[in-house]
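Text of the file start_36.csv, holding CSV, C-alpha atoms and all ligand atoms:
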```csv
chain,number,residue,atom,x,y,z
A,1281,MET,CA,-7.5,44.1,-9.9
A,1282,LYS,CA,-4.7,42.7,-7.8
A,1283,LYS,CA,-4.5,38.9,-7.6
A,1284,ARG,CA,-4.9,37.5,-4.1
A,1285,ILE,CA,-2.2,34.9,-3.4
A,1286,LEU,CA,-2.0,32.5,-0.5
A,1287,LEU,CA,1.6,31.5,0.1
A,1288,LEU,CA,2.0,28.3,2.1
A,1289,ALA,CA,5.3,27.6,3.8
A,1290,GLY,CA,6.9,25.3,6.4
A,1291,GLY,CA,5.1,22.0,6.4
A,1292,GLN,CA,5.6,18.7,8.1
A,1293,SER,CA,8.7,17.4,6.3
A,1294,GLY,CA,12.3,17.5,7.2
A,1295,GLU,CA,12.6,20.4,4.8
A,1296,HIS,CA,10.4,22.7,6.9
A,1297,GLU,CA,13.2,25.2,7.5
A,1298,VAL,CA,14.3,25.2,3.9
A,1299,SER,CA,10.7,26.0,2.9
A,1300,LEU,CA,10.6,29.0,5.4
A,1301,MET,CA,13.7,30.4,3.7
A,1302,SER,CA,12.3,29.9,0.3
A,1303,ALA,CA,9.0,31.6,1.3
A,1304,ARG,CA,10.7,34.6,2.6
A,1305,SER,CA,12.4,35.2,-0.7
A,1306,VAL,CA,9.2,34.6,-2.7
A,1307,LEU,CA,7.2,36.9,-0.4
A,1308,ALA,CA,9.7,39.7,-1.0
A,1309,ALA,CA,9.8,39.2,-4.7
A,1310,LEU,CA,6.1,39.0,-5.8
A,1311,PRO,CA,5.4,42.4,-7.2
A,1312,ARG,CA,3.0,44.3,-4.9
A,1313,ASP,CA,1.4,46.2,-7.7
A,1314,GLN,CA,0.1,42.9,-9.1
A,1315,PHE,CA,-0.3,40.7,-6.0
A,1316,ASP,CA,-1.8,40.8,-2.6
A,1317,VAL,CA,0.1,38.1,-0.8
A,1318,THR,CA,-1.0,36.4,2.5
A,1319,PRO,CA,1.6,33.9,3.9
A,1320,VAL,CA,0.5,31.0,6.1
A,1321,VAL,CA,3.1,28.9,7.8
A,1322,ILE,CA,2.2,25.3,8.4
A,1323,SER,CA,3.8,24.0,11.6
A,1324,LYS,CA,5.8,20.8,11.8
A,1325,GLN,CA,2.7,19.3,13.4
A,1326,GLY,CA,0.7,20.1,10.3
A,1327,ARG,CA,-1.4,23.0,11.7
A,1328,TRP,CA,-1.9,26.3,9.9
A,1329,LEU,CA,-0.6,29.1,12.0
A,1330,PRO,CA,-2.4,32.4,12.6
A,1331,PRO,CA,-0.9,35.6,11.1
A,1332,THR,CA,1.2,36.7,14.1
A,1333,ASP,CA,2.8,33.2,14.5
A,1334,THR,CA,3.3,33.0,10.7
A,1335,ALA,CA,5.1,36.4,10.7
A,1336,ARG,CA,7.3,35.3,13.6
A,1337,ALA,CA,8.1,32.0,11.9
A,1338,LEU,CA,9.1,33.6,8.6
A,1339,GLU,CA,11.2,36.1,10.4
A,1340,SER,CA,13.0,33.7,12.8
A,1341,GLY,CA,13.0,30.7,10.5
A,1342,VAL,CA,11.5,28.6,13.3
A,1343,SER,CA,7.8,27.9,13.8
A,1344,VAL,CA,5.9,27.4,17.0
A,1345,GLN,CA,3.2,24.8,17.8
A,1346,GLY,CA,-0.5,25.7,17.8
A,1347,GLY,CA,-2.7,26.7,14.9
A,1348,ASP,CA,-5.6,25.0,13.2
A,1349,LEU,CA,-6.1,21.7,11.6
A,1350,VAL,CA,-5.6,21.9,7.8
A,1351,LEU,CA,-9.2,20.9,7.1
A,1352,HIS,CA,-10.5,23.7,9.3
A,1353,ARG,CA,-8.5,26.3,7.5
A,1354,ALA,CA,-8.9,25.0,4.0
A,1355,ALA,CA,-12.2,26.8,3.6
A,1356,SER,CA,-10.5,30.1,4.4
A,1357,ALA,CA,-8.3,29.6,1.3
A,1358,GLU,CA,-11.5,30.4,-0.5
A,1359,GLY,CA,-11.4,33.9,-2.0
A,1360,TYR,CA,-7.8,33.6,-3.1
A,1361,ASP,CA,-7.1,33.6,-6.8
A,1362,ALA,CA,-4.2,31.2,-6.4
A,1363,VAL,CA,-2.1,29.3,-3.8
A,1364,PHE,CA,1.7,29.0,-3.9
A,1365,PRO,CA,2.4,25.8,-2.0
A,1366,LEU,CA,6.0,26.4,-1.3
A,1367,LEU,CA,6.4,23.2,0.6
A,1368,HIS,CA,9.0,20.5,0.1
A,1369,GLY,CA,8.8,16.8,0.7
A,1370,PRO,CA,6.0,14.6,2.1
A,1371,MET,CA,2.7,16.5,2.9
A,1372,GLY,CA,3.5,19.3,0.6
A,1373,GLU,CA,5.3,18.2,-2.6
A,1374,ASP,CA,3.6,14.8,-2.8
A,1375,GLY,CA,0.1,15.5,-4.0
A,1376,THR,CA,-1.6,15.8,-0.5
A,1377,ILE,CA,-1.9,19.5,-0.4
A,1378,GLN,CA,-2.5,19.6,-4.1
A,1379,GLY,CA,-5.5,17.2,-3.6
A,1380,LEU,CA,-6.9,19.5,-0.9
A,1381,LEU,CA,-6.6,22.6,-3.2
A,1382,THR,CA,-8.1,20.7,-6.1
A,1383,LEU,CA,-11.1,19.8,-4.0
A,1384,ALA,CA,-11.4,23.4,-2.9
A,1385,GLY,CA,-11.3,24.5,-6.5
A,1386,ILE,CA,-8.4,26.9,-6.0
A,1387,PRO,CA,-5.7,27.1,-8.7
A,1388,PHE,CA,-2.1,26.5,-7.4
A,1389,VAL,CA,1.5,26.8,-8.5
A,1390,GLY,CA,3.2,23.6,-9.6
A,1391,SER,CA,2.2,20.0,-10.5
A,1392,ALA,CA,-1.2,18.6,-9.7
A,1393,VAL,CA,-1.9,15.5,-7.7
A,1394,LEU,CA,-0.6,12.9,-10.2
A,1395,GLY,CA,2.6,14.7,-11.1
A,1396,SER,CA,3.4,15.6,-7.5
A,1397,ALA,CA,2.7,12.1,-6.1
A,1398,VAL,CA,4.5,10.1,-8.8
A,1399,SER,CA,7.6,12.5,-8.8
A,1400,MET,CA,7.8,12.3,-5.0
A,1401,ASP,CA,8.2,8.6,-5.0
A,1402,LYS,CA,11.5,7.5,-6.3
A,1403,VAL,CA,10.3,4.1,-7.3
A,1404,MET,CA,7.2,5.3,-9.2
A,1405,THR,CA,9.3,7.9,-10.9
A,1406,LYS,CA,11.7,5.3,-12.1
A,1407,GLN,CA,8.9,3.0,-13.3
A,1408,VAL,CA,7.2,5.7,-15.3
A,1409,LEU,CA,10.4,7.1,-16.7
A,1410,ALA,CA,11.7,3.6,-17.7
A,1411,SER,CA,8.6,3.2,-19.9
A,1412,ALA,CA,9.4,6.6,-21.4
A,1413,GLY,CA,12.9,5.4,-22.4
A,1414,VAL,CA,14.7,7.6,-19.9
A,1415,PRO,CA,18.1,6.3,-18.9
A,1416,GLN,CA,18.5,5.5,-15.2
A,1417,VAL,CA,20.6,3.4,-12.8
A,1418,ALA,CA,19.5,-0.2,-12.1
A,1419,TRP,CA,17.3,-0.4,-9.1
A,1420,ALA,CA,15.0,-2.5,-7.0
A,1421,LEU,CA,12.0,-1.9,-4.6
A,1422,ALA,CA,11.8,-3.3,-1.1
A,1423,LEU,CA,8.9,-3.0,1.3
A,1424,ARG,CA,9.0,-2.7,5.1
A,1425,HIS,CA,7.1,-5.9,5.6
A,1426,GLU,CA,9.6,-7.8,3.4
A,1427,TRP,CA,12.5,-6.5,5.5
A,1428,ARG,CA,10.6,-7.7,8.6
A,1429,ASN,CA,9.5,-11.1,7.3
A,1430,THR,CA,11.8,-12.2,4.5
A,1431,PRO,CA,15.0,-10.2,5.0
A,1432,ASP,CA,17.1,-12.6,3.0
A,1433,LEU,CA,15.0,-11.9,-0.1
A,1434,VAL,CA,15.8,-8.2,0.3
A,1435,ARG,CA,19.5,-9.0,0.8
A,1436,VAL,CA,19.5,-11.0,-2.4
A,1437,ARG,CA,17.9,-8.1,-4.3
A,1438,ALA,CA,20.6,-5.8,-3.0
A,1439,ALA,CA,23.4,-8.2,-3.8
A,1440,ASN,CA,22.2,-8.6,-7.3
A,1441,LEU,CA,22.7,-4.8,-7.8
A,1442,GLY,CA,26.3,-5.2,-6.6
A,1443,PHE,CA,28.3,-3.0,-4.1
A,1444,PRO,CA,28.6,-0.2,-3.5
A,1445,LEU,CA,24.9,0.6,-3.7
A,1446,PHE,CA,22.6,3.3,-2.4
A,1447,VAL,CA,19.7,2.7,0.0
A,1448,LYS,CA,17.0,5.4,0.1
A,1449,PRO,CA,13.6,5.9,1.6
A,1450,ALA,CA,11.4,6.2,-1.5
A,1451,ASN,CA,9.6,9.4,-0.4
A,1452,LEU,CA,12.0,11.8,1.2
A,1453,GLY,CA,14.4,14.5,0.1
A,1454,SER,CA,17.5,16.4,1.3
A,1455,SER,CA,19.4,13.1,1.4
A,1456,VAL,CA,17.6,12.2,4.7
A,1457,GLY,CA,17.9,8.5,5.4
A,1458,ILE,CA,20.2,7.8,2.4
A,1459,SER,CA,23.2,5.5,2.8
A,1460,LYS,CA,25.9,4.5,0.5
A,1461,VAL,CA,26.5,0.8,1.3
A,1462,ASN,CA,30.0,-0.4,0.5
A,1463,SER,CA,29.5,-4.1,1.4
A,1464,ALA,CA,26.9,-6.6,2.5
A,1465,ALA,CA,28.1,-6.1,6.1
A,1466,ASP,CA,26.7,-2.5,6.1
A,1467,LEU,CA,23.4,-3.4,4.5
A,1468,ASN,CA,21.4,-4.1,7.8
A,1469,ALA,CA,22.1,-0.6,9.3
A,1470,ALA,CA,21.2,1.1,6.0
A,1471,LEU,CA,17.9,-0.8,5.6
A,1472,ASP,CA,17.0,-0.3,9.2
A,1473,LEU,CA,17.5,3.5,8.8
A,1474,ALA,CA,15.6,3.8,5.6
A,1475,PHE,CA,12.7,1.6,6.8
A,1476,GLY,CA,12.5,3.7,9.9
A,1477,LEU,CA,11.5,6.6,7.7
A,1478,ASP,CA,9.4,5.0,4.9
A,1479,ARG,CA,7.4,1.9,4.1
A,1480,ARG,CA,9.0,1.8,0.6
A,1481,VAL,CA,12.7,1.7,0.1
A,1482,ILE,CA,14.6,1.9,-3.2
A,1483,LEU,CA,17.9,0.1,-3.7
A,1484,GLU,CA,20.0,1.6,-6.4
A,1485,ALA,CA,23.1,0.5,-8.2
A,1486,MET,CA,25.8,3.1,-7.9
A,1487,THR,CA,26.9,4.7,-11.2
A,1488,SER,CA,30.0,3.0,-12.7
A,1489,PHE,CA,32.2,5.9,-11.5
A,1490,LYS,CA,31.6,8.8,-9.1
A,1491,PRO,CA,29.2,10.9,-11.2
A,1492,ARG,CA,29.2,14.6,-11.9
A,1493,GLU,CA,25.9,16.0,-10.7
A,1494,VAL,CA,24.0,18.3,-13.1
A,1495,GLU,CA,20.6,19.9,-12.8
A,1496,VAL,CA,18.2,21.6,-15.1
A,1497,GLY,CA,15.1,23.7,-14.5
A,1498,ILE,CA,11.8,23.3,-16.4
A,1499,LEU,CA,9.2,26.1,-16.6
A,1500,GLY,CA,5.8,25.9,-18.2
A,1501,ASN,CA,2.7,23.7,-18.4
A,1502,ASP,CA,1.9,22.0,-21.7
A,1503,THR,CA,4.7,23.8,-23.7
A,1504,PRO,CA,7.5,23.9,-21.1
A,1505,ILE,CA,11.0,25.3,-21.6
A,1506,ALA,CA,14.3,24.1,-20.1
A,1507,SER,CA,16.9,26.4,-18.5
A,1508,PRO,CA,20.7,26.2,-19.0
A,1509,VAL,CA,22.3,23.3,-17.2
A,1510,GLY,CA,24.0,23.8,-13.8
A,1511,GLU,CA,26.5,21.6,-11.9
A,1512,LEU,CA,27.1,21.0,-8.2
A,1513,GLN,CA,30.7,20.4,-7.2
A,1514,PHE,CA,31.6,19.3,-3.6
A,1515,ASP,CA,34.2,17.5,-1.8
A,1516,ALA,CA,32.4,14.5,-0.2
A,1517,ASP,CA,31.7,10.9,-0.9
A,1518,PHE,CA,28.2,11.8,-2.1
A,1519,TYR,CA,25.8,14.8,-1.9
A,1520,ASP,CA,24.6,14.1,1.7
A,1521,TYR,CA,22.6,16.4,4.1
A,1522,ASP,CA,25.7,18.1,5.6
A,1523,THR,CA,27.2,18.9,2.2
A,1524,LYS,CA,23.8,20.3,1.0
A,1525,TYR,CA,23.2,22.6,3.9
A,1526,THR,CA,26.6,23.6,5.3
A,1527,GLU,CA,27.6,26.9,3.9
A,1528,GLY,CA,30.5,26.6,1.6
A,1529,ARG,CA,30.6,22.8,1.2
A,1530,ALA,CA,29.2,22.8,-2.4
A,1531,THR,CA,29.6,25.2,-5.3
A,1532,MET,CA,27.1,25.8,-8.1
A,1533,HIS,CA,28.4,26.3,-11.6
A,1534,ILE,CA,26.1,27.9,-14.1
A,1535,PRO,CA,26.3,27.0,-16.9
A,1536,ALA,CA,27.9,23.6,-16.2
A,1537,PRO,CA,31.2,23.1,-17.9
A,1538,LEU,CA,29.9,20.4,-20.2
A,1539,PRO,CA,30.1,19.9,-24.0
A,1540,GLU,CA,27.0,21.5,-25.6
A,1541,VAL,CA,25.7,18.2,-26.9
A,1542,VAL,CA,25.6,16.8,-23.4
A,1543,ALA,CA,23.9,19.9,-22.0
A,1544,GLN,CA,21.3,19.6,-24.8
A,1545,ARG,CA,20.7,16.0,-24.0
A,1546,VAL,CA,20.1,16.9,-20.4
A,1547,ARG,CA,17.5,19.5,-21.5
A,1548,ASP,CA,15.8,17.0,-23.9
A,1549,ILE,CA,15.6,14.2,-21.5
A,1550,ALA,CA,14.3,16.5,-18.7
A,1551,LEU,CA,11.5,17.8,-21.0
A,1552,THR,CA,10.6,14.2,-21.8
A,1553,ALA,CA,10.5,13.3,-18.1
A,1554,PHE,CA,8.4,16.4,-17.2
A,1555,ARG,CA,5.8,15.4,-19.8
A,1556,ALA,CA,5.9,11.7,-18.9
A,1557,LEU,CA,5.3,12.5,-15.2
A,1558,ASP,CA,2.5,15.0,-16.0
A,1559,CYS,CA,4.4,17.8,-14.2
A,1560,ALA,CA,3.2,21.4,-14.4
A,1561,GLY,CA,4.6,24.8,-13.6
A,1562,LEU,CA,8.1,24.0,-12.5
A,1563,ALA,CA,10.5,21.2,-11.7
A,1564,ARG,CA,14.2,20.8,-11.1
A,1565,ILE,CA,15.4,17.6,-12.7
A,1566,ASP,CA,18.7,16.1,-11.5
A,1567,PHE,CA,21.1,14.0,-13.4
A,1568,PHE,CA,24.3,12.0,-13.0
A,1569,TYR,CA,26.8,12.5,-15.8
A,1570,VAL,CA,29.5,9.8,-15.8
A,1571,GLN,CA,32.3,11.5,-17.6
A,1572,GLU,CA,34.4,8.3,-18.0
A,1573,THR,CA,31.7,6.5,-20.0
A,1574,GLY,CA,29.6,9.4,-21.3
A,1575,GLU,CA,26.5,8.0,-19.6
A,1576,LEU,CA,23.8,10.5,-18.7
A,1577,LEU,CA,21.3,9.1,-16.1
A,1578,LEU,CA,18.3,10.8,-14.7
A,1579,ASN,CA,18.4,10.7,-10.9
A,1580,GLU,CA,15.3,12.5,-9.6
A,1581,VAL,CA,12.6,15.0,-10.2
A,1582,ASN,CA,11.8,17.7,-7.7
A,1583,THR,CA,8.4,19.3,-8.3
A,1584,MET,CA,8.9,22.1,-5.7
A,1585,PRO,CA,12.7,22.7,-5.6
A,1586,GLY,CA,14.5,24.9,-3.2
A,1587,PHE,CA,13.5,28.5,-3.9
A,1588,THR,CA,15.6,31.0,-2.1
A,1589,THR,CA,17.2,33.7,-4.2
A,1590,THR,CA,20.5,31.6,-4.1
A,1591,SER,CA,18.9,28.2,-4.9
A,1592,MET,CA,19.8,26.3,-8.0
A,1593,TYR,CA,16.3,26.6,-9.7
A,1594,PRO,CA,15.9,30.4,-9.7
A,1595,LYS,CA,19.7,30.8,-10.5
A,1596,LEU,CA,19.3,28.6,-13.6
A,1597,PHE,CA,16.5,30.8,-14.9
A,1598,GLU,CA,18.3,34.0,-14.0
A,1599,ALA,CA,21.1,32.7,-16.3
A,1600,ALA,CA,18.4,32.4,-19.0
A,1601,GLY,CA,17.5,36.1,-18.4
A,1602,ILE,CA,14.4,35.6,-16.2
A,1603,SER,CA,14.8,37.5,-12.9
A,1604,TYR,CA,13.7,36.0,-9.6
A,1605,SER,CA,10.6,38.3,-9.4
A,1606,GLU,CA,9.7,37.7,-13.1
A,1607,LEU,CA,10.0,33.9,-12.4
A,1608,VAL,CA,7.6,33.9,-9.4
A,1609,THR,CA,5.2,36.1,-11.4
A,1610,ARG,CA,5.3,33.7,-14.3
A,1611,LEU,CA,4.6,30.7,-12.0
A,1612,VAL,CA,1.5,32.4,-10.7
A,1613,GLY,CA,0.5,33.1,-14.3
A,1614,LEU,CA,1.0,29.4,-15.1
A,1615,ALA,CA,-1.2,28.4,-12.1
A,1616,LEU,CA,-4.0,30.6,-13.5
A,1617,GLU,CA,-3.7,29.3,-17.1
A,1618,LYS,CA,-6.6,27.3,-18.4
A,1619,ARG,CA,-5.3,23.9,-19.8
B,1,LIG,P1,17.4,13.3,-2.4
B,1,LIG,O1,16.0,13.3,-3.0
B,1,LIG,O2,17.4,13.2,-0.9
B,1,LIG,O3,18.2,14.5,-2.9
B,1,LIG,P2,19.0,11.7,-4.2
B,1,LIG,O4,18.4,10.5,-4.8
B,1,LIG,O5,19.2,12.9,-5.1
B,1,LIG,O6,18.2,12.0,-2.9
B,1,LIG,O7,20.4,11.2,-3.6
B,1,LIG,C1,21.2,12.1,-2.9
B,1,LIG,C2,22.7,12.1,-3.4
B,1,LIG,O8,23.2,10.7,-3.2
B,1,LIG,C3,22.9,12.4,-4.8
B,1,LIG,O9,22.9,13.7,-5.1
B,1,LIG,C4,24.2,11.7,-5.1
B,1,LIG,O10,25.3,12.4,-4.6
B,1,LIG,C5,24.1,10.4,-4.3
B,1,LIG,N1,23.5,9.3,-5.1
B,1,LIG,C6,22.2,8.9,-5.0
B,1,LIG,N2,22.0,7.8,-5.8
B,1,LIG,C7,23.1,7.5,-6.4
B,1,LIG,C8,23.5,6.5,-7.3
B,1,LIG,N3,22.7,5.6,-7.8
B,1,LIG,N4,24.8,6.6,-7.8
B,1,LIG,C9,25.7,7.5,-7.3
B,1,LIG,N5,25.4,8.5,-6.4
B,1,LIG,C10,24.1,8.5,-5.9
B,2,MG,MG,15.0,14.9,-4.0
B,3,MG,MG,18.7,14.9,-4.8
```
Can I see the file as structure tokens?
Ligand code: ADP
Ligand code: MG
Ligand code: MG
Amino acid sequence: MKKRILLLAGGQSGEHEVSLMSARSVLAALPRDQFDVTPVVISKQGRWLPPTDTARALESGVSVQGGDLVLHRAASAEGYDAVFPLLHGPMGEDGTIQGLLTLAGIPFVGSAVLGSAVSMDKVMTKQVLASAGVPQVAWALALRHEWRNTPDLVRVRAANLGFPLFVKPANLGSSVGISKVNSAADLNAALDLAFGLDRRVILEAMTSFKPREVEVGILGNDTPIASPVGELQFDADFYDYDTKYTEGRATMHIPAPLPEVVAQRVRDIALTAFRALDCAGLARIDFFYVQETGELLLNEVNTMPGFTTTSMYPKLFEAAGISYSELVTRLVGLALEKR
């Protein structure tokens, strides 16, 4: 019997278009002799689009308005063997859709509510990983009401970390709303920007030198494996939105040109983090490697990483001998596994 798979794509976050591209690749790669796949695109307004609008969105990379409320359509997810929620960012990668699917009793690819929610929030991630002994930059939390009512307290917290520092919305991705702040004079604009996007903001000390950025893929549930390590190289002050999404601005190196002991440390720490956060299925875990000092610092955990055929996560496993279509097949298998 073929497995019936519901592939969810698009979604309400700033990474809507990235998700549509990923979904197109996954749709083409799930073997038709094993799977019967129905795609549903979720519009930017959070509505589930009917089949014709879904097909048009996947083809053009842009979705229209319309469609049904999530809760109206959730029931129609019944009858599927598994859901592949290929959604990035808030309302997709953060435990919300995972909660809906859990309530509906439908298995799904990737982390459940806890792992998704904690990994999406950069502050919660840092707190959990600190208690697991994972090395990270120094950081502080600031809340929107503090910025409104006691801004000097927030400024002191920032100054204690020293400049330059990074200001980030706690629950976003794709570098949206992130600023590198070089001096106290630039702090206001960075905080206004970040608090315009999130109630919770993380202030982070910058690494002691401009870091090398290395990433590793994790695959599995309770006995996960780590991929080879990859590295992103780019010519920019930091890995901002334009550098990420402008063709040719960044290059991927797989395997990363790193001493084997460093690569092994990346894999070990990533597996520790995956377990500590209760992740499942897949995650791409990103690190800073400060070559000058030898420091290796975990930066963030992405529980539904970019998934086009040229994205880092599938490329890392391809280097480990797992093809793109084998990878998506395994992910569905992991979703169906009893734990
Ligand atoms: P996102 O989830 O949006 O990808 P990140 O936390 O990965 O956000 O930050 C985006 C980029 O900003 C990183 O890839 C890196 O280039 C730079 N960056 C972020 N935090 C730091 C830091 N503490 N020190 C040095 N560079 C940083
Ligand atoms: Mg991220
Ligand atoms: Mg990142």
(message) I'd like the neighbourhood of A:Ser1399 as number ranges by chain, where a residue qualifies if any of its atoms comes within 7 Å (using all atoms listed in the file), though same-chain residues fewer than 5 positions away should be ignored.
(response) A: 1405, 1557, 1581-1583
(message) ligand MG 2 (chain B): which residues are within 12 Å, counting only C-alpha atoms and all ligand atoms? Reply as a PyMOL selection string.
(response) chain A and resi 1294-1295+1368-1370+1373-1374+1399-1402+1405+1448-1458+1495+1519-1521+1524+1563-1567+1578-1586
(message) Using all atoms listed in the file, can you tell me which of A:Glu1426, A:Glu1511, A:Glu1358, A:Glu1484 comes closest to ligand LIG 1 (chain B)?
(response)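 Looking only at the distances to ligand LIG 1 (chain B), the closest residue turns out to be A:Glu1484.
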(message) One decimal, in Å: what's the spacing between atom CA of A:Pro1504 and atom CA of A:Arg1555?
(response)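 Taking atom CA of A:Pro1504 and atom CA of A:Arg1555, their separation equals 8.8 Å.
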(request) Do a neighbour search on A:Asp1558 at 12 Å with only C-alpha atoms, toss out local chain neighbours closer than 2 positions, and write the hits as JSON, numbers by chain. (result) {"A": [1390, 1391, 1392, 1393, 1394, 1395, 1396, 1397, 1398, 1399, 1405, 1408, 1409, 1500, 1501, 1502, 1503, 1504, 1551, 1552, 1553, 1554, 1555, 1556, 1560, 1561, 1562, 1563, 1581, 1583]}
(request) Compare A:Ala1438, A:Ala1615, A:Val1298, A:Val1546 by their minimum atom-to-atom distance to A:Phe1388, counting all atoms listed in the file, and give me the closest one. (result)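 When distances to A:Phe1388 are compared using all atoms listed in the file, the smallest one comes from A:Ala1615.
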(message) What does the structure give for the distance between atom CA of A:Pro1594 and atom CA of A:Val1608, in Å to one decimal?
(response) 9.0 Å
(request) Point out the residue among A:Asp1316, A:Glu1493, A:Asp1478, A:Asp1333 with the least atom-to-atom distance to A:Leu1577, counting only C-alpha atoms. (result) A:Glu1493
(request) Fewer than 6 positions away in the same chain doesn't count, so skip those; otherwise give me all residues within 8 Å of A:Arg1492, counting all atoms listed in the file, as a VMD selection string. (result) chain A and resid 1511 to 1513 1568 to 1571
(request) Could you jot down the atom CA of A:Leu1445 to atom CA of A:Ala1485 separation for me, Å, one decimal place? (result) 4.8 Å
(request) Find the residues around stretch 1439-1443 of chain A up to 10 Å (all atoms listed in the file counted), leave out those fewer than 4 positions away in its own chain, and share them as JSON, numbers by chain. (result) {"A": [1417, 1418, 1419, 1420, 1433, 1434, 1435, 1460, 1461, 1462, 1463, 1464, 1467, 1483, 1484, 1485, 1486]}
Save the residues we just selected, C-alpha atoms, as a compact mmCIF listing (two decimals), keeping the file's coordinate frame?
```
# COMPACT_ATOMS: atom_id res chain seq x y z
CA VAL A 1417 20.60 3.40 -12.80
CA ALA A 1418 19.50 -0.20 -12.10
CA TRP A 1419 17.30 -0.40 -9.10
CA ALA A 1420 15.00 -2.50 -7.00
CA LEU A 1433 15.00 -11.90 -0.10
CA VAL A 1434 15.80 -8.20 0.30
CA ARG A 1435 19.50 -9.00 0.80
CA LYS A 1460 25.90 4.50 0.50
CA VAL A 1461 26.50 0.80 1.30
CA ASN A 1462 30.00 -0.40 0.50
CA SER A 1463 29.50 -4.10 1.40
CA ALA A 1464 26.90 -6.60 2.50
CA LEU A 1467 23.40 -3.40 4.50
CA LEU A 1483 17.90 0.10 -3.70
CA GLU A 1484 20.00 1.60 -6.40
CA ALA A 1485 23.10 0.50 -8.20
CA MET A 1486 25.80 3.10 -7.90
```
(request) Please provide the set of residues having any atom within 8 Å of stretch 1597-1601 of chain A, restricted to all atoms listed in the file, with same-chain residues fewer than 2 positions apart removed, written as a PyMOL selection string. (result) chain A and resi 1497+1507-1508+1534-1535+1593-1595+1603-1604+1607
